[in-house]
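**Q** Below is the file final37.cif, with mmCIF, C-alpha atoms.
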```
data_run
loop_
_atom_site.label_atom_id
_atom_site.label_comp_id
_atom_site.auth_asym_id
_atom_site.auth_seq_id
_atom_site.Cartn_x
_atom_site.Cartn_y
_atom_site.Cartn_z
CA VAL A 1 141.23 16.76 50.97
CA VAL A 2 140.23 15.70 47.45
CA ARG A 3 143.36 13.58 47.03
CA ARG A 4 142.88 11.92 50.40
CA GLY A 5 139.26 11.09 49.63
CA ALA A 6 140.13 9.78 46.17
CA GLN A 7 142.91 7.64 47.61
CA GLU A 8 140.60 6.09 50.21
CA LEU A 9 137.88 5.40 47.65
CA LEU A 10 140.35 3.80 45.27
CA GLN A 11 141.82 1.62 48.01
CA GLN A 12 138.34 0.50 49.05
CA ALA A 13 137.41 -0.29 45.45
CA LEU A 14 140.54 -2.41 45.10
CA HIS A 15 139.59 -4.46 48.17
CA VAL A 16 136.07 -4.98 46.82
CA GLU A 17 137.53 -6.12 43.50
CA VAL A 18 139.66 -8.72 45.32
CA GLU A 19 136.75 -9.91 47.45
CA LEU A 20 134.64 -10.56 44.35
CA PHE A 21 137.50 -12.53 42.81
CA LEU A 22 137.94 -14.64 45.96
CA GLU A 23 134.20 -15.38 46.16
CA ARG A 24 134.24 -16.66 42.60
CA TYR A 25 136.75 -19.39 43.57
CA GLN A 26 135.73 -20.07 47.17
CA TYR A 27 134.87 -23.66 46.23
CA LEU A 28 138.53 -24.54 45.55
CA MET A 29 139.74 -26.37 48.66
CA ASP A 30 142.80 -28.49 49.47
CA ALA A 31 142.77 -31.87 51.24
CA GLN A 32 142.56 -30.17 54.65
CA GLY A 33 139.54 -28.06 53.64
CA HIS A 34 141.47 -24.79 53.33
CA ARG A 35 140.87 -22.35 50.51
CA GLN A 36 143.49 -22.51 47.79
CA ILE A 37 142.97 -18.91 46.62
CA VAL A 38 143.55 -16.38 49.38
CA ARG A 39 144.88 -12.89 49.97
CA ASN A 40 148.63 -12.51 50.21
CA GLY A 41 149.24 -9.00 51.50
CA HIS A 42 149.87 -6.01 49.24
CA ARG A 43 152.24 -5.09 46.48
CA PRO A 44 154.67 -2.20 46.99
CA VAL A 45 153.08 1.25 47.05
CA ARG A 46 152.68 2.77 43.58
CA ARG A 47 152.45 6.46 42.77
CA ILE A 48 149.72 7.12 40.19
CA ILE A 49 148.86 10.45 38.59
CA THR A 50 145.10 11.10 38.50
CA GLY A 51 142.78 14.04 37.89
CA ALA A 52 142.86 14.65 41.66
CA GLY A 53 146.64 14.71 41.72
CA PRO A 54 149.26 12.06 42.60
CA LEU A 55 147.92 9.15 44.69
CA GLU A 56 149.87 6.46 46.52
CA VAL A 57 148.10 3.10 46.22
CA ALA A 58 149.01 -0.41 47.38
CA THR A 59 147.25 -2.97 45.21
CA PRO A 60 146.25 -6.24 46.97
CA ARG A 61 148.19 -9.41 46.17
CA VAL A 62 146.40 -12.75 45.70
CA ASP A 63 147.84 -16.27 45.97
CA ASP A 64 146.11 -17.88 42.99
CA ARG A 65 148.85 -20.11 41.58
CA VAL A 66 146.45 -23.04 41.52
CA LEU A 67 144.59 -21.42 38.63
CA GLU A 68 147.53 -22.10 36.34
CA THR A 69 146.77 -25.84 36.53
CA GLN A 70 143.16 -25.14 35.54
CA ARG A 71 144.18 -22.74 32.78
CA ASP A 72 142.04 -20.00 34.30
CA PRO A 73 143.21 -16.37 34.22
CA ARG A 74 144.91 -15.21 37.38
CA PHE A 75 143.94 -12.08 39.26
CA THR A 76 144.74 -8.76 37.58
CA SER A 77 143.22 -5.54 38.84
CA GLN A 78 141.07 -3.81 36.26
CA LEU A 79 141.09 -0.60 38.30
CA ILE A 80 144.89 -0.37 38.51
CA PRO A 81 146.38 -2.46 35.68
CA PRO A 82 150.05 -3.46 35.88
CA TYR A 83 152.54 -0.69 35.08
CA LEU A 84 149.86 2.02 35.15
CA ARG A 85 151.46 5.33 36.12
CA ARG A 86 148.76 7.79 35.15
CA THR A 87 145.02 7.43 34.63
CA LYS A 88 143.33 7.72 31.27
CA HIS A 89 141.81 11.09 32.10
CA VAL A 90 145.23 12.58 32.80
CA GLU A 91 146.55 11.06 29.57
CA GLU A 92 143.73 12.84 27.75
CA LEU A 93 144.60 16.08 29.55
CA LEU A 94 147.85 16.45 27.59
CA PRO A 95 146.46 16.76 24.05
CA VAL A 96 143.57 18.88 25.32
CA LEU A 97 145.93 21.39 26.93
CA TYR A 98 148.11 21.51 23.84
CA LEU A 99 145.25 21.77 21.38
CA LYS A 100 143.47 24.40 23.46
CA GLY A 101 146.44 26.75 23.21
CA ILE A 102 149.01 25.90 25.89
CA SER A 103 152.40 26.05 24.21
CA THR A 104 154.93 23.28 24.73
CA GLY A 105 157.19 25.51 26.81
CA ASP A 106 154.39 26.34 29.27
CA PHE A 107 153.43 22.73 29.95
CA ARG A 108 155.44 22.13 33.10
CA GLU A 109 153.98 25.20 34.81
CA ALA A 110 150.42 24.36 33.70
CA LEU A 111 150.64 20.75 34.87
CA GLN A 112 152.13 21.73 38.23
CA ALA A 113 149.27 24.18 38.77
CA LEU A 114 146.71 21.43 37.99
CA LEU A 115 148.29 18.37 39.59
CA GLY A 116 150.84 19.66 42.09
CA ARG A 117 154.60 20.09 42.07
CA HIS A 118 155.39 16.41 42.51
CA VAL A 119 153.93 15.24 39.22
CA ILE A 120 155.94 12.49 37.53
CA GLY A 121 155.96 11.37 33.91
CA LEU A 122 154.35 14.52 32.53
CA SER A 123 156.51 17.09 30.80
CA ALA A 124 156.81 19.22 27.69
CA GLU A 125 158.76 16.40 26.07
CA THR A 126 155.68 14.22 26.33
CA ILE A 127 153.91 16.46 23.83
CA VAL A 128 156.71 15.98 21.32
CA ARG A 129 156.21 12.22 21.54
CA LEU A 130 152.44 12.59 21.44
CA LYS A 131 152.54 14.61 18.21
CA ALA A 132 154.37 11.75 16.53
CA VAL A 133 151.64 9.39 17.76
CA TRP A 134 148.92 11.72 16.44
CA GLN A 135 150.54 11.75 13.02
CA ARG A 136 150.45 7.96 12.90
CA GLU A 137 146.82 7.94 14.04
CA TYR A 138 145.88 10.44 11.35
CA ALA A 139 147.67 8.39 8.68
CA GLN A 140 145.74 5.27 9.75
CA TRP A 141 142.45 7.18 9.88
CA THR A 142 142.83 8.50 6.33
CA THR A 143 143.15 4.95 4.99
CA ARG A 144 140.30 3.37 6.99
CA ASP A 145 137.66 1.28 5.22
CA LEU A 146 134.40 3.16 4.52
CA SER A 147 132.55 0.38 2.67
CA MET A 148 130.06 -0.01 5.56
CA SER A 149 129.41 3.73 5.83
CA ARG A 150 126.29 5.44 4.50
CA TYR A 151 125.59 9.15 4.80
CA VAL A 152 122.29 10.99 4.40
CA TYR A 153 123.69 14.52 4.61
CA TRP A 154 127.13 16.08 4.23
CA TRP A 155 128.39 19.44 5.46
CA VAL A 156 131.48 20.62 3.59
CA ASP A 157 133.79 23.60 3.90
CA GLY A 158 137.33 24.82 3.34
CA ILE A 159 139.02 26.10 6.51
CA TYR A 160 142.09 28.35 6.25
CA PHE A 161 145.01 28.52 8.68
CA ASN A 162 148.25 30.42 8.94
CA VAL A 163 151.34 28.22 8.80
CA ARG A 164 154.48 29.80 10.25
CA LEU A 165 156.83 27.69 8.13
CA ASP A 166 155.00 28.31 4.84
CA THR A 167 154.31 31.40 2.78
CA ASP A 168 150.78 30.33 1.72
CA ARG A 169 147.75 30.01 3.93
CA GLN A 170 146.80 26.37 4.40
CA CYS A 171 143.31 25.25 3.39
CA LEU A 172 141.85 22.14 5.00
CA LEU A 173 138.98 20.48 3.14
CA VAL A 174 136.48 19.12 5.65
CA ILE A 175 133.48 16.78 5.29
CA ILE A 176 131.18 15.94 8.21
CA GLY A 177 128.38 13.46 7.55
CA ALA A 178 125.09 12.46 9.16
CA ARG A 179 124.61 8.70 9.30
CA PRO A 180 121.16 7.00 9.03
CA ASP A 181 120.94 6.75 12.83
CA GLY A 182 121.39 10.52 13.17
CA THR A 183 124.93 10.47 14.55
CA LYS A 184 127.47 12.84 13.02
CA GLU A 185 130.87 11.66 11.84
CA LEU A 186 134.02 13.29 10.53
CA VAL A 187 134.22 11.75 7.06
CA ALA A 188 137.35 13.41 5.72
CA ILE A 189 139.81 16.16 6.44
CA GLU A 190 142.60 16.78 3.95
CA ASP A 191 145.11 19.41 2.97
CA GLY A 192 144.02 21.10 -0.27
CA PHE A 193 145.14 23.82 -2.64
CA ARG A 194 142.74 26.61 -1.69
CA GLU A 195 139.23 25.32 -2.40
CA SER A 196 139.77 24.27 -6.00
CA ALA A 197 137.64 21.73 -7.81
CA ASP A 198 140.75 19.60 -8.40
CA SER A 199 141.47 19.37 -4.68
CA TRP A 200 137.89 18.44 -3.86
CA ARG A 201 137.80 15.97 -6.75
CA SER A 202 140.88 14.23 -5.38
CA LEU A 203 139.35 14.02 -1.92
CA LEU A 204 135.99 12.69 -3.15
CA ARG A 205 137.68 10.08 -5.31
CA ASP A 206 139.67 8.89 -2.31
CA VAL A 207 136.46 8.63 -0.25
CA LYS A 208 134.78 6.71 -3.06
CA ARG A 209 137.78 4.41 -3.47
CA ARG A 210 137.59 3.50 0.21
CA GLY A 211 133.96 2.42 -0.05
CA VAL A 212 131.50 5.34 -0.17
CA THR A 213 129.98 4.43 -3.53
CA GLN A 214 126.70 6.28 -2.84
CA GLY A 215 126.83 9.96 -2.11
CA PRO A 216 124.59 11.72 0.41
CA ALA A 217 121.09 12.90 -0.44
CA VAL A 218 122.10 16.52 0.30
CA ALA A 219 125.42 18.32 0.63
CA VAL A 220 125.50 21.68 2.44
CA GLY A 221 128.26 24.17 1.77
CA ASP A 222 129.38 27.65 0.79
CA GLY A 223 128.67 28.76 -2.77
CA ALA A 224 132.32 29.61 -3.47
CA LEU A 225 133.57 26.05 -3.05
CA GLY A 226 135.06 24.11 -5.92
CA PHE A 227 133.26 21.23 -4.24
CA TRP A 228 130.12 21.66 -6.34
CA ALA A 229 131.85 20.92 -9.63
CA ALA A 230 133.61 17.91 -8.09
CA VAL A 231 130.51 16.41 -6.44
CA ALA A 232 128.50 16.78 -9.66
CA GLU A 233 131.04 14.47 -11.31
CA GLU A 234 131.60 11.96 -8.51
CA TYR A 235 128.13 11.87 -6.90
CA PRO A 236 125.69 13.36 -9.43
CA GLN A 237 122.63 12.24 -7.42
CA THR A 238 123.61 14.47 -4.47
CA ARG A 239 121.46 17.59 -4.23
CA PRO A 240 123.26 20.84 -3.35
CA GLN A 241 122.06 23.11 -0.55
CA ARG A 242 123.88 26.44 -0.24
CA CYS A 243 124.63 27.78 3.23
CA TRP A 244 122.39 30.72 4.14
CA VAL A 245 124.91 32.12 6.62
CA HIS A 246 127.56 32.47 3.93
CA LYS A 247 125.04 33.74 1.39
CA THR A 248 123.70 36.37 3.80
CA ALA A 249 127.22 37.66 4.48
CA ASN A 250 127.99 37.84 0.76
CA VAL A 251 124.77 39.72 -0.06
CA LEU A 252 125.17 42.20 2.79
CA ASP A 253 128.73 42.90 1.69
CA LYS A 254 127.29 44.40 -1.52
CA LEU A 255 124.99 46.81 0.32
CA PRO A 256 125.76 50.02 2.24
CA GLN A 257 125.98 49.74 6.02
CA SER A 258 122.80 51.76 6.48
CA LEU A 259 120.69 49.16 4.61
CA GLN A 260 122.24 45.98 5.92
CA ALA A 261 119.88 45.57 8.90
CA LYS A 262 116.83 45.88 6.65
CA ALA A 263 118.28 43.51 4.06
CA LYS A 264 119.19 40.96 6.73
CA ALA A 265 115.62 40.97 8.04
CA LEU A 266 114.27 40.38 4.52
CA LEU A 267 116.70 37.50 4.01
CA HIS A 268 115.57 35.98 7.30
CA ASP A 269 111.99 36.17 6.04
CA ILE A 270 113.03 34.01 3.08
CA TYR A 271 114.78 31.08 4.72
CA LEU A 272 112.75 31.11 7.93
CA ALA A 273 109.42 31.02 6.09
CA PRO A 274 107.31 27.95 7.04
CA THR A 275 106.51 27.09 3.39
CA ARG A 276 108.29 27.47 0.10
CA ARG A 277 105.45 29.62 -1.28
CA GLU A 278 105.95 32.13 1.54
CA ALA A 279 109.70 32.00 0.94
CA GLU A 280 109.09 32.82 -2.73
CA ASP A 281 106.96 35.81 -1.69
CA ALA A 282 109.71 37.06 0.64
CA TRP A 283 112.22 36.50 -2.17
CA ALA A 284 110.15 38.72 -4.46
CA ARG A 285 109.99 41.45 -1.79
CA PHE A 286 113.78 41.48 -1.47
CA ILE A 287 114.20 41.82 -5.25
CA ALA A 288 111.58 44.57 -5.44
CA THR A 289 113.32 46.48 -2.64
CA PHE A 290 116.92 46.36 -3.91
CA ALA A 291 116.92 45.46 -7.63
CA GLU A 292 116.89 48.98 -8.98
CA LYS A 293 119.67 50.53 -6.88
CA TYR A 294 121.71 47.51 -5.82
CA PRO A 295 121.71 45.00 -8.67
CA LYS A 296 124.92 43.30 -7.48
CA ALA A 297 123.32 42.33 -4.18
CA VAL A 298 120.27 40.94 -5.99
CA ALA A 299 122.43 39.08 -8.51
CA CYS A 300 124.40 37.51 -5.65
CA LEU A 301 121.18 36.19 -4.13
CA THR A 302 119.44 35.00 -7.29
CA ALA A 303 122.49 33.18 -8.69
CA HIS A 304 121.73 30.11 -6.57
CA ARG A 305 117.98 30.23 -6.03
CA ASP A 306 117.22 26.51 -6.33
CA GLU A 307 120.22 25.53 -4.23
CA LEU A 308 119.22 27.96 -1.48
CA LEU A 309 115.64 26.67 -1.23
CA ALA A 310 116.38 22.95 -1.62
CA PHE A 311 115.82 22.28 2.09
CA TYR A 312 112.02 22.71 1.71
CA ALA A 313 111.93 19.26 0.05
CA TYR A 314 113.22 17.57 3.23
CA PRO A 315 111.82 16.97 6.75
CA ALA A 316 111.16 20.19 8.66
CA GLU A 317 113.02 18.82 11.68
CA HIS A 318 116.20 18.85 9.57
CA TRP A 319 115.86 22.42 8.28
CA PRO A 320 117.97 24.11 11.00
CA SER A 321 120.84 21.75 10.16
CA LEU A 322 120.43 21.97 6.37
CA ARG A 323 120.30 25.76 6.11
CA SER A 324 123.91 26.31 7.17
CA THR A 325 127.30 24.72 7.73
CA ASN A 326 127.16 25.52 11.45
CA VAL A 327 128.11 21.90 12.21
CA ILE A 328 131.58 22.69 10.85
CA GLU A 329 131.81 26.34 11.88
CA SER A 330 131.06 25.68 15.56
CA THR A 331 133.62 22.87 15.72
CA PHE A 332 136.39 24.87 14.07
CA ALA A 333 135.89 27.88 16.30
CA THR A 334 138.02 26.10 18.93
CA VAL A 335 140.60 25.19 16.31
CA ARG A 336 140.96 28.85 15.34
CA LEU A 337 141.34 29.71 19.02
CA ARG A 338 144.33 27.36 19.21
CA THR A 339 146.03 28.84 16.14
CA LYS A 340 145.34 32.38 17.35
CA ARG A 341 146.92 31.66 20.73
CA THR A 342 150.04 30.18 19.15
CA LYS A 343 150.20 32.69 16.25
CA GLY A 344 149.71 29.99 13.65
CA CYS A 345 150.95 26.43 13.26
CA GLY A 346 154.50 25.29 12.77
CA SER A 347 154.01 23.18 9.64
CA ARG A 348 151.26 21.92 7.34
CA LEU A 349 151.48 18.41 8.79
CA ALA A 350 151.34 19.77 12.33
CA THR A 351 148.18 21.68 11.41
CA LEU A 352 146.55 18.60 9.91
CA THR A 353 147.24 16.38 12.90
CA MET A 354 146.35 19.08 15.42
CA VAL A 355 143.02 19.78 13.73
CA PHE A 356 142.28 16.07 13.39
CA LYS A 357 142.79 15.45 17.12
CA LEU A 358 140.78 18.51 18.13
CA VAL A 359 137.85 17.55 15.90
CA GLU A 360 138.10 13.98 17.18
CA SER A 361 137.74 15.37 20.70
CA ALA A 362 134.85 17.66 19.72
CA ALA A 363 133.03 14.77 18.01
CA LYS A 364 132.44 13.16 21.41
CA ARG A 365 130.10 16.05 22.23
CA TRP A 366 128.19 16.12 18.93
CA HIS A 367 124.46 15.63 19.33
CA ARG A 368 122.39 13.31 17.22
CA LEU A 369 120.60 15.07 14.38
CA ARG A 370 117.21 16.38 15.40
CA GLY A 371 114.42 14.32 13.85
CA TYR A 372 116.79 11.47 13.03
CA GLN A 373 113.78 9.12 12.73
CA ARG A 374 113.04 10.81 9.38
CA LEU A 375 116.43 9.99 7.89
CA SER A 376 115.25 6.57 6.74
CA ASP A 377 112.45 8.29 4.81
CA VAL A 378 115.01 10.47 3.03
CA LEU A 379 117.11 7.44 2.12
CA ASN A 380 114.01 5.62 0.83
CA GLY A 381 113.09 8.49 -1.48
CA ILE A 382 109.94 9.57 0.39
CA VAL A 383 108.65 12.89 -0.94
CA PHE A 384 108.42 15.87 1.41
CA GLN A 385 106.72 19.16 0.66
CA ASP A 386 107.33 22.13 2.95
CA GLY A 387 108.91 19.72 5.43
CA VAL A 388 105.89 17.43 5.64
CA ARG A 389 105.80 13.89 4.28
CA VAL A 390 103.55 13.56 1.21
CA ASP A 391 101.52 10.33 1.09
CA ALA A 392 100.67 8.62 -2.17
CA THR A 393 96.98 9.45 -1.63
CA HIS A 394 97.78 13.15 -1.29
CA PRO A 395 100.12 14.06 -4.14
CA ALA A 396 102.32 17.10 -3.78
CA ILE A 397 101.10 20.40 -5.13
CA GLN A 398 103.30 21.74 -7.89
CA GLU A 399 105.81 24.23 -6.57
CA PRO A 400 105.28 27.83 -7.71
CA ILE A 401 107.46 29.20 -10.45
CA GLY A 402 110.14 31.46 -9.00
CA VAL A 403 110.52 35.12 -9.72
#
```
Go through the file and emit its structure as C-alpha cells.
**A**
Amino acid sequence: VVRRGAQELLQQALHVEVELFLERYQYLMDAQGHRQIVRNGHRPVRRIITGAGPLEVATPRVDDRVLETQRDPRFTSQLIPPYLRRTKHVEELLPVLYLKGISTGDFREALQALLGRHVIGLSAETIVRLKAVWQREYAQWTTRDLSMSRYVYWWVDGIYFNVRLDTDRQCLLVIIGARPDGTKELVAIEDGFRESADSWRSLLRDVKRRGVTQGPAVAVGDGALGFWAAVAEEYPQTRPQRCWVHKTANVLDKLPQSLQAKAKALLHDIYLAPTRREAEDAWARFIATFAEKYPKAVACLTAHRDELLAFYAYPAEHWPSLRSTNVIESTFATVRLRTKRTKGCGSRLATLTMVFKLVESAAKRWHRLRGYQRLSDVLNGIVFQDGVRVDATHPAIQEPIGV
C-alpha cells in the first residue's frame, strides 16, 4: 500500500513539474499558431529504489528542441534526474546501517527486510566501495581551510577503541567547537598516541596552520589529557575548564563505596551552586568532611580548583555545557555501540573513517548552544560574575579567596 501510494504521488509530481515547464514557454508558437514545446509521451519505465521500496516510474518526455536555438536549458526532471537508480535517502541508509553495527555480511538480509527481495544495486559489496569513498572524504576534510572559522568554546577528549589488527588500543583525539552563532562543529579528529602532549601539540599546530590563529575563550576537557600542556603553548589565551563528570568519577574512585553517595551529593553542591561564593562554601564542606581520613580524594579535587570553577566567569546559560564534555561523550556513545557490536574495528584507518562518518551524521542533530546570544559578549571580553554580565557602572566584587 505504501509503495503504491508513493508511486502515484511521484507520478503526479512529475506531471506537475512538466506542466510548470510547459507554462513557462507557452508563448513560443510556430507560424501556424501551434505551441513549439509540447509533451511527447513518456520515457521507458525506470525502477528506482526508495525508502518505501522499489518503484516503477515513467518520466514524461518533452519536445523542446527549439530551446537549443535560444540557448535555453532543456527540460530535465529535478525529481527524477537522469540515471537515478536509488533516492538520496536510500543512499544514506547504507552508511547508517554499517556504522550502527550491521556487519558487511549481513547487509543483503537487512536490506531485503527493509526494501523487499527485489532490491537492485544494493549489496554488501557496495559498503566496500563506500569505505574507500569515506577515506577520501576524510582525507579532504582534514586538509580543509579553517581561516574563516572562529570558535568561542572547545570540548576536547581522547576516545579509545579496540583495533582487531593492532595490539595497542587506538586513541582518537577529538575537538568539537562552538561557533559565534551557537552552532557546534567537529573541528578535528585525529589518530594519536594515547593522550600525550606531543600528539595534542601536533594536532593543534595543524589546526593553527590551516587558519585557526585565535584559540577559543574556554576549552573543556578531562584533567588527565596532555591537551593542557599543548594548548598552553599554542593558544595561551585559552582558559581551561576541567570536566566535572570526569573529576567526580576520579574523586569517588578514591573513596569507599559506602561514602560515595554522600561525596557525590557534596560535589553536586559545589558545581551546581548558583554563585561562586556558595560553591566555595560547598568546597570547604567537602574538605572538612573527608580531609582527615581520605586525603587522596581531597587532593584529587583540590589539584585543579581554579580550572574546575572557571565557568562562573561566563554566562549562566552556558554553564551546563561548560561543566562537562557531554557534547563529545553523548556523540561517541553510538560509536562505541558500533565497535561493541563488531568486536572492534579492522584497522586504525577504518576506525578513523568510520568514526568521522558517524560523527558527521550525528552533527546534523546537534542543537545550537543555549544562550548563544551571549557568545558575542564572550568574544568581546565582557566581564561576567556568577553568570551575570557586569556593567562598567557596577564593577565586579572581588572573588573570595579559596580554601
**Q** So which residues fall inside 7 Å of (132.7, 9.8, 8.2) if we count only C-alpha atoms? Mind giving them as a list in words?
**A** Ile176, Gly177, Glu185, Leu186, Val187 and Ala188 of chain A
**Q** From the options A:Asp191, A:Glu278, A:Asp306, A:Asp181, which residue's atoms come nearest to Gln241 (chain A), counting all atoms listed in the file?
**A**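 With all atoms listed in the file as the atom set, the closest residue is A:Asp306.
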**Q** When you draw a straight line from CA of Ser324 (chain A) to CA of Arg374 (chain A), how long is it in Å?
**A**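 Value for the CA of Ser324 (chain A)-CA of Arg374 (chain A) distance: 19.1 Å.
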**Q** How would you write as a PDB file with C-alpha atoms, in the coordinates of the input the residues that get within 10 Å of (153.2, 12.9, 11.9) in the file's frame, counting all atoms listed in the file?
**A**
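Saved result, selection.pdb, follows:
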```pdb
ATOM      1  CA  LEU A 130     152.440  12.590  21.440  1.00  0.00           C
ATOM      2  CA  LYS A 131     152.540  14.610  18.210  1.00  0.00           C
ATOM      3  CA  ALA A 132     154.370  11.750  16.530  1.00  0.00           C
ATOM      4  CA  VAL A 133     151.640   9.390  17.760  1.00  0.00           C
ATOM      5  CA  TRP A 134     148.920  11.720  16.440  1.00  0.00           C
ATOM      6  CA  GLN A 135     150.540  11.750  13.020  1.00  0.00           C
ATOM      7  CA  ARG A 136     150.450   7.960  12.900  1.00  0.00           C
ATOM      8  CA  GLU A 137     146.820   7.940  14.040  1.00  0.00           C
ATOM      9  CA  TYR A 138     145.880  10.440  11.350  1.00  0.00           C
ATOM     10  CA  ALA A 139     147.670   8.390   8.680  1.00  0.00           C
ATOM     11  CA  LEU A 349     151.480  18.410   8.790  1.00  0.00           C
ATOM     12  CA  ALA A 350     151.340  19.770  12.330  1.00  0.00           C
ATOM     13  CA  LEU A 352     146.550  18.600   9.910  1.00  0.00           C
ATOM     14  CA  THR A 353     147.240  16.380  12.900  1.00  0.00           C
ATOM     15  CA  MET A 354     146.350  19.080  15.420  1.00  0.00           C
TER      16      MET A 354
END
```
**Q** Which of these, A:Phe286, A:Phe356, A:Phe161, A:Trp319, has the shortest distance to Tyr372 (chain A) once you count all atoms listed in the file?
**A**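 Distance minimum relative to Tyr372 (chain A) lands on A:Trp319.
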**Q** Could you expand the PyMOL selection byres ((chain A and resi 308) around 12) into the explicit residues it covers here, written as a ChimeraX atom specification?
**A** /A:218-223,239-248,267,270-272,276,279-280,283,300-307,309-313,319,322-324
**Q** Output C-alpha atoms for every residue in that selection, as a short mmCIF file (atom, residue, chain, number, x, y, z; two decimals), in the frame of the given file.
**A**
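What ended up in out_15.cif:
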```
data_model
loop_
_atom_site.label_atom_id
_atom_site.label_comp_id
_atom_site.auth_asym_id
_atom_site.auth_seq_id
_atom_site.Cartn_x
_atom_site.Cartn_y
_atom_site.Cartn_z
CA VAL A 218 122.10 16.52 0.30
CA ALA A 219 125.42 18.32 0.63
CA VAL A 220 125.50 21.68 2.44
CA GLY A 221 128.26 24.17 1.77
CA ASP A 222 129.38 27.65 0.79
CA GLY A 223 128.67 28.76 -2.77
CA ARG A 239 121.46 17.59 -4.23
CA PRO A 240 123.26 20.84 -3.35
CA GLN A 241 122.06 23.11 -0.55
CA ARG A 242 123.88 26.44 -0.24
CA CYS A 243 124.63 27.78 3.23
CA TRP A 244 122.39 30.72 4.14
CA VAL A 245 124.91 32.12 6.62
CA HIS A 246 127.56 32.47 3.93
CA LYS A 247 125.04 33.74 1.39
CA THR A 248 123.70 36.37 3.80
CA LEU A 267 116.70 37.50 4.01
CA ILE A 270 113.03 34.01 3.08
CA TYR A 271 114.78 31.08 4.72
CA LEU A 272 112.75 31.11 7.93
CA ARG A 276 108.29 27.47 0.10
CA ALA A 279 109.70 32.00 0.94
CA GLU A 280 109.09 32.82 -2.73
CA TRP A 283 112.22 36.50 -2.17
CA CYS A 300 124.40 37.51 -5.65
CA LEU A 301 121.18 36.19 -4.13
CA THR A 302 119.44 35.00 -7.29
CA ALA A 303 122.49 33.18 -8.69
CA HIS A 304 121.73 30.11 -6.57
CA ARG A 305 117.98 30.23 -6.03
CA ASP A 306 117.22 26.51 -6.33
CA GLU A 307 120.22 25.53 -4.23
CA LEU A 309 115.64 26.67 -1.23
CA ALA A 310 116.38 22.95 -1.62
CA PHE A 311 115.82 22.28 2.09
CA TYR A 312 112.02 22.71 1.71
CA ALA A 313 111.93 19.26 0.05
CA TRP A 319 115.86 22.42 8.28
CA LEU A 322 120.43 21.97 6.37
CA ARG A 323 120.30 25.76 6.11
CA SER A 324 123.91 26.31 7.17
#
```
**Q** Written as a PyMOL selection string, what is the full residue list that the PyMOL selection byres ((chain A and resi 19) around 12) yields on the file shown?
**A** chain A and resi 12-18+20-26+37-39+60-62+75+77
**Q** Need to verify the contact set: Glu317 (chain A), 10 Å, all atoms listed in the file, exclusion of same-chain residues closer than 2 positions in sequence. Can you return it as a PyMOL selection string?
**A** chain A and resi 314-315+319-322+369-374+387-388
**Q** Would you export the selected residues with C-alpha atoms as a PDB file, keeping the file's coordinate frame, please?
**A**
```pdb
ATOM      1  CA  TYR A 314     113.220  17.570   3.230  1.00  0.00           C
ATOM      2  CA  PRO A 315     111.820  16.970   6.750  1.00  0.00           C
ATOM      3  CA  TRP A 319     115.860  22.420   8.280  1.00  0.00           C
ATOM      4  CA  PRO A 320     117.970  24.110  11.000  1.00  0.00           C
ATOM      5  CA  SER A 321     120.840  21.750  10.160  1.00  0.00           C
ATOM      6  CA  LEU A 322     120.430  21.970   6.370  1.00  0.00           C
ATOM      7  CA  LEU A 369     120.600  15.070  14.380  1.00  0.00           C
ATOM      8  CA  ARG A 370     117.210  16.380  15.400  1.00  0.00           C
ATOM      9  CA  GLY A 371     114.420  14.320  13.850  1.00  0.00           C
ATOM     10  CA  TYR A 372     116.790  11.470  13.030  1.00  0.00           C
ATOM     11  CA  GLN A 373     113.780   9.120  12.730  1.00  0.00           C
ATOM     12  CA  ARG A 374     113.040  10.810   9.380  1.00  0.00           C
ATOM     13  CA  GLY A 387     108.910  19.720   5.430  1.00  0.00           C
ATOM     14  CA  VAL A 388     105.890  17.430   5.640  1.00  0.00           C
TER      15      VAL A 388
END
```
**Q** Rounded to one decimal place, report the CA of Ala261 (chain A)-CA of Arg277 (chain A) distance in Å.
**A**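 Interatomic distance here is 23.8 Å.
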**Q** Record the distance separating CA of Thr275 (chain A) and CA of Asp386 (chain A), expressed in Å with one decimal.
**A**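 CA of Asp386 (chain A) lies 5.0 Å from CA of Thr275 (chain A).
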**Q** Rank nothing, just name the residue among A:Phe193, A:Tyr153, A:Gly33, A:Gly215 nearest to Thr325 (chain A), using all atoms listed in the file.
**A**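 Of the candidates, the smallest distance to Thr325 (chain A) is held by A:Tyr153.
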**Q** Which one of A:Ser258, A:Ser330, A:Thr59, A:Ser149 sits closest to Ala363 (chain A) if you count all atoms listed in the file?
**A**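 Looking only at the distances to Ala363 (chain A), the closest residue turns out to be A:Ser330.
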**Q** Tell me which residues the PyMOL selection byres ((chain A and resi 224-229) around 8) grabs here, as an MDAnalysis selection string.
**A** chainID A and resid 157:158 195:198 200:201 221:223 230:233 240
**Q** Do a neighbour search on Lys364 (chain A) at 10 Å with all atoms listed in the file, toss out local chain neighbours closer than 4 positions, and write the hits as a list in words.
**A** Lys184, Glu185, Val359 and Glu360 of chain A
**Q** Which is closest to Ala282 (chain A) among A:His268, A:Pro295, A:Leu204, A:Leu146, if we use all atoms listed in the file?
**A** A:His268
**Q** Would you pick out the contacts of Gln260 (chain A) at 12 Å or less, using all atoms listed in the file, so that residues sharing its chain but fewer than 3 positions from it are not included, and give the list as a PyMOL selection string?
**A** chain A and resi 248-257+263-267+290+294+297
